[in-house]
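Trainee: Got a structure for you, entry.cif, holding mmCIF, C-alpha atoms and all ligand atoms.
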data_run
#
loop_
_atom_site.label_atom_id
_atom_site.label_comp_id
_atom_site.auth_asym_id
_atom_site.auth_seq_id
_atom_site.Cartn_x
_atom_site.Cartn_y
_atom_site.Cartn_z
CA MET K 1 89.57 -25.74 18.00
CA THR K 2 86.25 -26.14 19.78
CA ASN K 3 84.50 -23.06 21.11
CA PRO K 4 82.32 -23.82 24.16
CA ALA K 5 79.81 -21.18 23.05
CA ILE K 6 78.93 -23.04 19.84
CA HIS K 7 80.19 -26.62 20.30
CA PHE K 8 78.20 -28.75 22.71
CA THR K 9 78.23 -32.35 23.88
CA HIS K 10 74.94 -32.09 25.79
CA ALA K 11 71.62 -30.29 26.02
CA VAL K 12 68.68 -30.42 28.42
CA SER K 13 65.15 -29.75 27.25
CA ARG K 14 61.67 -30.15 28.75
CA ARG K 15 58.42 -31.24 27.11
CA PRO K 16 55.53 -28.75 27.10
CA GLY K 17 52.55 -29.68 29.28
CA ALA K 18 48.83 -29.07 28.79
CA SER K 19 49.14 -26.06 31.12
CA VAL K 20 51.31 -24.30 28.52
CA THR K 21 48.14 -22.56 27.34
CA ALA K 22 48.47 -20.46 30.55
CA GLY K 23 52.06 -19.45 29.76
CA LEU K 24 53.14 -15.85 30.18
CA ARG K 25 52.88 -13.58 27.15
CA ALA K 26 53.28 -9.86 26.57
CA GLN K 27 50.31 -9.77 24.25
CA ASP K 28 47.51 -12.30 23.88
CA ARG K 29 47.51 -13.57 20.29
CA GLY K 30 45.71 -16.83 21.09
CA ALA K 31 46.53 -20.03 22.94
CA PRO K 32 49.26 -22.39 21.76
CA ASP K 33 48.24 -25.75 20.30
CA LEU K 34 49.86 -28.44 22.46
CA GLU K 35 49.96 -31.14 19.79
CA ARG K 36 51.61 -28.89 17.22
CA MET K 37 53.97 -27.52 19.87
CA GLN K 38 55.01 -31.03 20.89
CA ALA K 39 55.67 -31.95 17.26
CA ALA K 40 57.86 -28.86 16.87
CA HIS K 41 59.62 -29.70 20.13
CA ASP K 42 60.32 -33.24 18.86
CA ALA K 43 61.81 -31.78 15.67
CA TYR K 44 63.94 -29.40 17.74
CA VAL K 45 65.31 -32.22 19.91
CA ALA K 46 65.92 -34.43 16.87
CA THR K 47 67.90 -31.62 15.23
CA LEU K 48 70.08 -31.17 18.32
CA ARG K 49 70.65 -34.95 18.42
CA SER K 50 71.50 -35.04 14.71
CA THR K 51 74.73 -33.20 15.55
CA GLY K 52 75.86 -36.03 17.82
CA ALA K 53 74.98 -34.37 21.12
CA GLU K 54 73.26 -36.16 23.98
CA VAL K 55 69.92 -34.50 24.71
CA ILE K 56 68.13 -35.10 28.01
CA VAL K 57 64.39 -34.51 27.65
CA LEU K 58 62.65 -33.90 30.97
CA ASP K 59 58.97 -34.50 31.69
CA ALA K 60 56.45 -31.68 31.45
CA LEU K 61 55.70 -29.73 34.64
CA GLU K 62 52.01 -28.94 34.72
CA ASP K 63 52.41 -26.63 37.73
CA TYR K 64 54.70 -24.40 35.68
CA PRO K 65 53.17 -23.41 32.32
CA ASP K 66 56.43 -21.83 31.06
CA ALA K 67 58.70 -24.68 32.21
CA LEU K 68 59.55 -25.78 28.66
CA PHE K 69 61.59 -22.57 28.39
CA VAL K 70 64.38 -24.20 30.38
CA GLU K 71 67.04 -21.71 29.36
CA ASP K 72 65.75 -19.21 31.90
CA THR K 73 66.48 -21.52 34.85
CA ALA K 74 70.26 -21.83 34.56
CA LEU K 75 73.49 -20.67 32.95
CA CYS K 76 75.86 -23.47 31.93
CA LEU K 77 79.48 -22.52 31.25
CA PRO K 78 82.93 -24.05 31.21
CA GLY K 79 83.68 -24.15 34.93
CA GLY K 80 80.21 -24.86 36.19
CA ALA K 81 76.53 -23.99 36.17
CA VAL K 82 74.58 -21.29 37.94
CA MET K 83 70.93 -21.65 38.89
CA MET K 84 69.08 -18.46 38.02
CA ARG K 85 66.47 -16.48 39.97
CA PRO K 86 63.69 -15.56 37.52
CA GLY K 87 62.11 -12.15 37.63
CA ALA K 88 58.73 -13.64 36.77
CA ALA K 89 57.20 -14.83 40.06
CA SER K 90 55.28 -17.66 38.38
CA ARG K 91 58.57 -19.06 37.07
CA MET K 92 60.63 -19.01 40.27
CA GLY K 93 59.74 -22.64 41.16
CA GLU K 94 61.09 -23.95 37.84
CA VAL K 95 64.63 -23.51 39.15
CA ALA K 96 64.29 -26.10 41.92
CA GLN K 97 62.77 -28.49 39.38
CA MET K 98 65.85 -28.17 37.14
CA ARG K 99 68.47 -28.20 39.87
CA PRO K 100 68.70 -32.00 40.46
CA THR K 101 69.36 -32.61 36.76
CA LEU K 102 72.24 -30.14 36.66
CA ALA K 103 73.55 -31.29 40.05
CA GLY K 104 74.04 -34.70 38.47
CA LEU K 105 76.02 -33.20 35.61
CA PHE K 106 78.09 -30.32 37.05
CA GLU K 107 80.59 -30.61 39.89
CA ASP K 108 80.43 -26.88 40.55
CA LEU K 109 76.80 -25.79 40.77
CA ARG K 110 75.99 -22.36 42.25
CA ASP K 111 72.80 -20.49 43.02
CA ILE K 112 71.75 -16.89 42.56
CA GLU K 113 70.39 -16.39 46.05
CA GLY K 114 68.89 -12.95 45.68
CA PRO K 115 67.48 -10.51 46.40
CA GLY K 116 68.20 -9.78 42.73
CA HIS K 117 66.72 -11.52 39.71
CA ILE K 118 68.24 -12.88 36.53
CA GLU K 119 66.95 -15.12 33.73
CA GLY K 120 69.02 -17.13 31.28
CA GLY K 121 67.28 -15.54 28.30
CA ASP K 122 69.08 -12.32 29.12
CA ILE K 123 72.53 -13.93 28.91
CA LEU K 124 74.63 -14.40 25.77
CA PHE K 125 77.90 -16.32 26.17
CA THR K 126 80.13 -15.59 23.18
CA GLY K 127 83.15 -17.62 24.23
CA ARG K 128 85.19 -14.51 24.99
CA GLU K 129 82.70 -12.87 27.39
CA VAL K 130 79.27 -13.12 28.96
CA LEU K 131 76.85 -10.37 27.95
CA VAL K 132 73.94 -9.84 30.34
CA GLY K 133 71.04 -7.57 29.39
CA LEU K 134 69.16 -5.70 32.07
CA SER K 135 65.46 -6.20 31.42
CA ALA K 136 62.08 -6.41 33.14
CA ARG K 137 63.25 -9.88 34.32
CA THR K 138 66.93 -9.24 35.07
CA ASP K 139 68.09 -6.52 37.45
CA ALA K 140 71.44 -5.03 38.47
CA GLU K 141 71.52 -6.98 41.76
CA GLY K 142 71.07 -10.28 39.94
CA VAL K 143 73.84 -9.36 37.51
CA ALA K 144 76.16 -8.34 40.36
CA GLU K 145 75.67 -11.70 42.06
CA LEU K 146 76.38 -13.55 38.83
CA ARG K 147 79.47 -11.42 38.24
CA LYS K 148 81.02 -12.58 41.53
CA ILE K 149 80.67 -16.23 40.48
CA LEU K 150 81.96 -15.65 36.95
CA ASP K 151 84.95 -13.71 38.27
CA GLU K 152 85.98 -16.90 40.08
CA TRP K 153 85.60 -18.94 36.91
CA GLY K 154 87.48 -16.41 34.77
CA HIS K 155 84.59 -15.36 32.54
CA PRO K 156 84.39 -11.58 31.92
CA LEU K 157 80.83 -10.29 32.32
CA ARG K 158 79.60 -7.19 30.51
CA GLU K 159 76.32 -5.61 31.58
CA VAL K 160 74.27 -4.34 28.66
CA GLN K 161 70.66 -3.28 28.12
CA THR K 162 67.78 -5.28 26.68
CA PRO K 163 65.67 -2.84 24.58
CA ASP K 164 62.48 -1.55 26.23
CA GLY K 165 59.51 -3.75 25.45
CA VAL K 166 61.69 -6.73 24.49
CA LEU K 167 61.32 -9.74 26.80
CA HIS K 168 64.93 -10.93 26.90
CA PHE K 169 68.31 -9.82 25.52
CA LYS K 170 68.40 -12.93 23.33
CA THR K 171 64.92 -12.23 22.00
CA ASP K 172 66.82 -9.81 19.75
CA CYS K 173 70.15 -11.55 19.07
CA SER K 174 72.01 -14.83 18.63
CA LEU K 175 75.60 -16.00 18.41
CA LEU K 176 76.35 -17.49 14.98
CA ASP K 177 80.06 -18.17 15.44
CA ALA K 178 82.88 -16.91 17.63
CA GLU K 179 82.94 -13.54 15.85
CA THR K 180 79.46 -13.16 14.44
CA ILE K 181 76.21 -12.03 16.01
CA LEU K 182 72.76 -12.02 14.42
CA SER K 183 70.95 -8.98 15.81
CA THR K 184 68.01 -6.70 15.28
CA LYS K 185 69.06 -3.25 14.14
CA LEU K 186 67.41 -1.90 17.29
CA LEU K 187 69.62 -3.88 19.66
CA ASP K 188 72.80 -3.37 17.63
CA ALA K 189 72.20 0.40 17.68
CA SER K 190 72.91 0.31 21.41
CA GLY K 191 76.56 -0.41 20.55
CA CYS K 192 76.69 -3.55 22.66
CA PHE K 193 78.29 -5.64 19.90
CA GLU K 194 81.29 -3.46 19.18
CA GLY K 195 84.20 -5.71 18.24
CA TYR K 196 81.96 -8.40 16.71
CA ARG K 197 80.79 -8.85 13.15
CA VAL K 198 77.05 -8.21 13.19
CA LEU K 199 74.46 -9.46 10.69
CA HIS K 200 71.21 -7.53 10.88
CA LEU K 201 67.82 -9.17 10.61
CA PRO K 202 66.15 -8.11 7.37
CA ASP K 203 63.37 -5.55 7.89
CA GLY K 204 60.15 -7.29 8.88
CA GLU K 205 61.94 -10.45 10.04
CA GLU K 206 63.06 -9.23 13.48
CA ALA K 207 61.15 -12.13 15.07
CA ALA K 208 63.82 -14.49 13.66
CA ALA K 209 66.53 -13.00 15.90
CA ASN K 210 66.35 -15.77 18.46
CA ALA K 211 68.24 -18.61 16.79
CA ILE K 212 70.92 -20.95 18.14
CA ARG K 213 74.22 -22.14 16.78
CA PHE K 214 74.50 -25.75 17.95
CA ASN K 215 77.57 -27.56 16.65
CA ASP K 216 77.37 -27.46 12.85
CA VAL K 217 73.78 -26.22 12.53
CA ILE K 218 71.77 -23.04 13.13
CA LEU K 219 68.27 -23.71 14.44
CA MET K 220 66.02 -20.79 13.54
CA PRO K 221 62.27 -20.23 13.45
CA ASP K 222 60.57 -21.30 10.23
CA GLY K 223 58.84 -18.67 8.10
CA PHE K 224 61.62 -16.10 7.73
CA PRO K 225 62.91 -16.68 4.18
CA LYS K 226 65.11 -13.58 3.90
CA THR K 227 66.95 -14.44 7.11
CA ALA K 228 67.33 -18.09 6.12
CA GLU K 229 68.70 -17.02 2.73
CA MET K 230 71.11 -14.52 4.29
CA LEU K 231 72.48 -17.11 6.73
CA THR K 232 72.76 -19.76 4.01
CA GLN K 233 74.65 -17.29 1.80
CA GLU K 234 76.99 -16.69 4.75
CA GLY K 235 77.76 -20.42 4.76
CA PHE K 236 75.68 -21.49 7.76
CA ASN K 237 73.79 -24.79 7.81
CA VAL K 238 70.27 -23.53 8.57
CA ARG K 239 67.57 -25.77 10.07
CA PRO K 240 64.16 -24.05 10.27
CA ILE K 241 61.93 -25.25 13.13
CA ASP K 242 58.22 -24.46 13.52
CA ASN K 243 58.06 -21.81 16.26
CA THR K 244 54.38 -20.86 15.79
CA ASP K 245 53.25 -21.90 19.26
CA CYS K 246 56.30 -20.92 21.29
CA ALA K 247 56.15 -17.49 19.62
CA LEU K 248 52.67 -16.98 21.11
CA LEU K 249 54.43 -17.13 24.49
CA ASP K 250 57.37 -14.97 23.38
CA GLY K 251 59.61 -18.04 23.26
CA GLY K 252 62.15 -19.10 20.66
CA MET K 253 64.98 -21.44 19.80
CA SER K 254 67.34 -20.60 22.65
CA CYS K 255 64.60 -20.78 25.29
CA LEU K 256 64.00 -24.49 24.66
CA SER K 257 67.34 -25.87 25.85
CA LEU K 258 70.34 -25.58 28.09
CA ARG K 259 73.45 -26.32 26.06
CA PHE K 260 76.86 -27.26 27.45
CA ASN K 261 79.99 -29.41 27.36
CA ILE K 262 80.80 -31.99 30.00
N1 LIG H 301 56.51 -17.09 28.21
C1 LIG H 301 57.87 -17.01 28.52
C2 LIG H 301 58.14 -15.97 29.54
O1 LIG H 301 57.45 -14.97 29.57
O2 LIG H 301 59.01 -16.13 30.35
#
In structure tokens, how does this file's structure come out?
Mentor:
Amino acid sequence: MTNPAIHFTHAVSRRPGASVTAGLRAQDRGAPDLERMQAAHDAYVATLRSTGAEVIVLDALEDYPDALFVEDTALCLPGGAVMMRPGAASRMGEVAQMRPTLAGLFEDLRDIEGPGHIEGGDILFTGREVLVGLSARTDAEGVAELRKILDEWGHPLREVQTPDGVLHFKTDCSLLDAETILSTKLLDASGCFEGYRVLHLPDGEEAAANAIRFNDVILMPDGFPKTAEMLTQEGFNVRPIDNTDCALLDGGMSCLSLRFNI
């Protein structure tokens, strides 16, 4: 049986532009290298396509340095898609840039109208429920507005908490299969994954928490051998992708695509 949280027919991604060097970051650890970032992005898209999915790659948006992190602009679910309302002011305009693409793909397309804020990086769809982490980017009003839409579509929403100092809920966790979550010990300690099987990131490899299950593969950041070994031992088909430059902007595997079935 296919699970719409891990089996996908389509994805949408966006190329990085030269302005990516001005992307938001919690801590300045240097500017990303556009050429290397583009090469990693190409490998990411090729890996998604290798599973048989159709991947739409949109042009770079120089006016929006963080626009390659398309996940924050929308939530795509069985039933429809919801355009988000980012908590980062510099990212608000990315939503209108993504909307026409999703309007061409989803019959039921809604908008978070505000005044609240919510970003896709704070949302984990597990197939049985939608977990939304409150964070510096996602507030209770944004979650409440999303809840009204998801009630109509029959998706239970559970409000949880992104740990302090962590950009997004999914910075610290990933869905590996219908029952299994990869999580930092810090996030799991909040109790938000009760009822799931949880695999903890090995100590020192917490930065590998943001991975994606996409059809029969797990895309994860390269350079985390203990995590790769653990997931391989668990029977997952691991595909490491260079995340050096996205990591400088606090971005990871999930941030680079919207994934859905149509
Ligand atoms: N650089 C990604 C973000 O802060 O939203």
Trainee: Please return as a PyMOL selection string the residues found within 10 Å of ligand LIG 301 (chain H), counting all atoms listed in the file.
Mentor: chain K and resi 20+22-26+65-72+86-91+119+121+137+167-168+246-252+255
Trainee: Using C-alpha atoms, can you export the residues from the last selection as a PDB file, in the frame of the given file?
Mentor:
ATOM      1  CA  VAL K  20      51.310 -24.300  28.520  1.00  0.00           C
ATOM      2  CA  ALA K  22      48.470 -20.460  30.550  1.00  0.00           C
ATOM      3  CA  GLY K  23      52.060 -19.450  29.760  1.00  0.00           C
ATOM      4  CA  LEU K  24      53.140 -15.850  30.180  1.00  0.00           C
ATOM      5  CA  ARG K  25      52.880 -13.580  27.150  1.00  0.00           C
ATOM      6  CA  ALA K  26      53.280  -9.860  26.570  1.00  0.00           C
ATOM      7  CA  PRO K  65      53.170 -23.410  32.320  1.00  0.00           C
ATOM      8  CA  ASP K  66      56.430 -21.830  31.060  1.00  0.00           C
ATOM      9  CA  ALA K  67      58.700 -24.680  32.210  1.00  0.00           C
ATOM     10  CA  LEU K  68      59.550 -25.780  28.660  1.00  0.00           C
ATOM     11  CA  PHE K  69      61.590 -22.570  28.390  1.00  0.00           C
ATOM     12  CA  VAL K  70      64.380 -24.200  30.380  1.00  0.00           C
ATOM     13  CA  GLU K  71      67.040 -21.710  29.360  1.00  0.00           C
ATOM     14  CA  ASP K  72      65.750 -19.210  31.900  1.00  0.00           C
ATOM     15  CA  PRO K  86      63.690 -15.560  37.520  1.00  0.00           C
ATOM     16  CA  GLY K  87      62.110 -12.150  37.630  1.00  0.00           C
ATOM     17  CA  ALA K  88      58.730 -13.640  36.770  1.00  0.00           C
ATOM     18  CA  ALA K  89      57.200 -14.830  40.060  1.00  0.00           C
ATOM     19  CA  SER K  90      55.280 -17.660  38.380  1.00  0.00           C
ATOM     20  CA  ARG K  91      58.570 -19.060  37.070  1.00  0.00           C
ATOM     21  CA  GLU K 119      66.950 -15.120  33.730  1.00  0.00           C
ATOM     22  CA  GLY K 121      67.280 -15.540  28.300  1.00  0.00           C
ATOM     23  CA  ARG K 137      63.250  -9.880  34.320  1.00  0.00           C
ATOM     24  CA  LEU K 167      61.320  -9.740  26.800  1.00  0.00           C
ATOM     25  CA  HIS K 168      64.930 -10.930  26.900  1.00  0.00           C
ATOM     26  CA  CYS K 246      56.300 -20.920  21.290  1.00  0.00           C
ATOM     27  CA  ALA K 247      56.150 -17.490  19.620  1.00  0.00           C
ATOM     28  CA  LEU K 248      52.670 -16.980  21.110  1.00  0.00           C
ATOM     29  CA  LEU K 249      54.430 -17.130  24.490  1.00  0.00           C
ATOM     30  CA  ASP K 250      57.370 -14.970  23.380  1.00  0.00           C
ATOM     31  CA  GLY K 251      59.610 -18.040  23.260  1.00  0.00           C
ATOM     32  CA  GLY K 252      62.150 -19.100  20.660  1.00  0.00           C
ATOM     33  CA  CYS K 255      64.600 -20.780  25.290  1.00  0.00           C
TER      34      CYS K 255
END
Trainee: Work out how far atom CA of K:Gly142 is from atom CA of K:Ile118, in Å to one decimal.
Mentor: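 The value is 5.1 Å.
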Trainee: For a test of reading the model, state the distance in Å between atom CA of K:Leu231 and atom CA of K:Ala178, rounded to one decimal.
Mentor: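 Taking atom CA of K:Leu231 as the start and atom CA of K:Ala178 as the end point, the length is 15.1 Å.
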Trainee: Got a sec: who's within 6 Å of K:Asp222, counting all atoms listed in the file, leaving out chain neighbours fewer than 2 positions off, as a list of chain:residue names?
Mentor: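 The contact residues come out as K:Phe224, K:Pro240, K:Ile241, K:Asp242.
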Trainee: Around (57.1, -12.0, 6.8) in the file's frame, which residues reach within 10 Å when counting all atoms listed in the file? Return as an mmCIF file with C-alpha atoms, in the frame of the given file?
Mentor:
data_model
loop_
_atom_site.group_PDB
_atom_site.id
_atom_site.type_symbol
_atom_site.label_atom_id
_atom_site.label_comp_id
_atom_site.auth_asym_id
_atom_site.auth_seq_id
_atom_site.Cartn_x
_atom_site.Cartn_y
_atom_site.Cartn_z
ATOM 1 C CA PRO K 202 66.150 -8.110 7.370
ATOM 2 C CA ASP K 203 63.370 -5.550 7.890
ATOM 3 C CA GLY K 204 60.150 -7.290 8.880
ATOM 4 C CA GLU K 205 61.940 -10.450 10.040
ATOM 5 C CA GLU K 206 63.060 -9.230 13.480
ATOM 6 C CA ALA K 207 61.150 -12.130 15.070
ATOM 7 C CA ALA K 208 63.820 -14.490 13.660
ATOM 8 C CA GLY K 223 58.840 -18.670 8.100
ATOM 9 C CA PHE K 224 61.620 -16.100 7.730
ATOM 10 C CA PRO K 225 62.910 -16.680 4.180
ATOM 11 C CA LYS K 226 65.110 -13.580 3.900
#
Trainee: Go through K:Asp188, K:Glu194, K:Asp177, K:Asp108 and flag the residue nearest K:Asn237, using only C-alpha atoms for the distances.
Mentor: K:Asp177
Trainee: Report the distance between atom CA of K:Asp164 and atom CA of K:Leu186 in Å, rounded to one decimal place.
Mentor: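 Atom-to-atom, atom CA of K:Asp164 and atom CA of K:Leu186 are spaced 10.2 Å apart.
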Trainee: Return the single residue from K:Leu258, K:Met84, K:Met37, K:Leu176 that is closest to K:Val238, with distances computed using all atoms listed in the file.
Mentor: K:Leu176
Trainee: Can you pull out the residues contacting K:Val12? Cut-off 10 Å, using all atoms listed in the file, and skip same-chain residues under 6 positions away; I want them as a count of residues only.
Mentor: 16
Trainee: Which is closer to K:Leu131 than all the others in K:Gly116, K:Pro156, K:Gly235, K:Gly79, using only C-alpha atoms?
Mentor: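 Ranked by minimum distance to K:Leu131, first place goes to K:Pro156.
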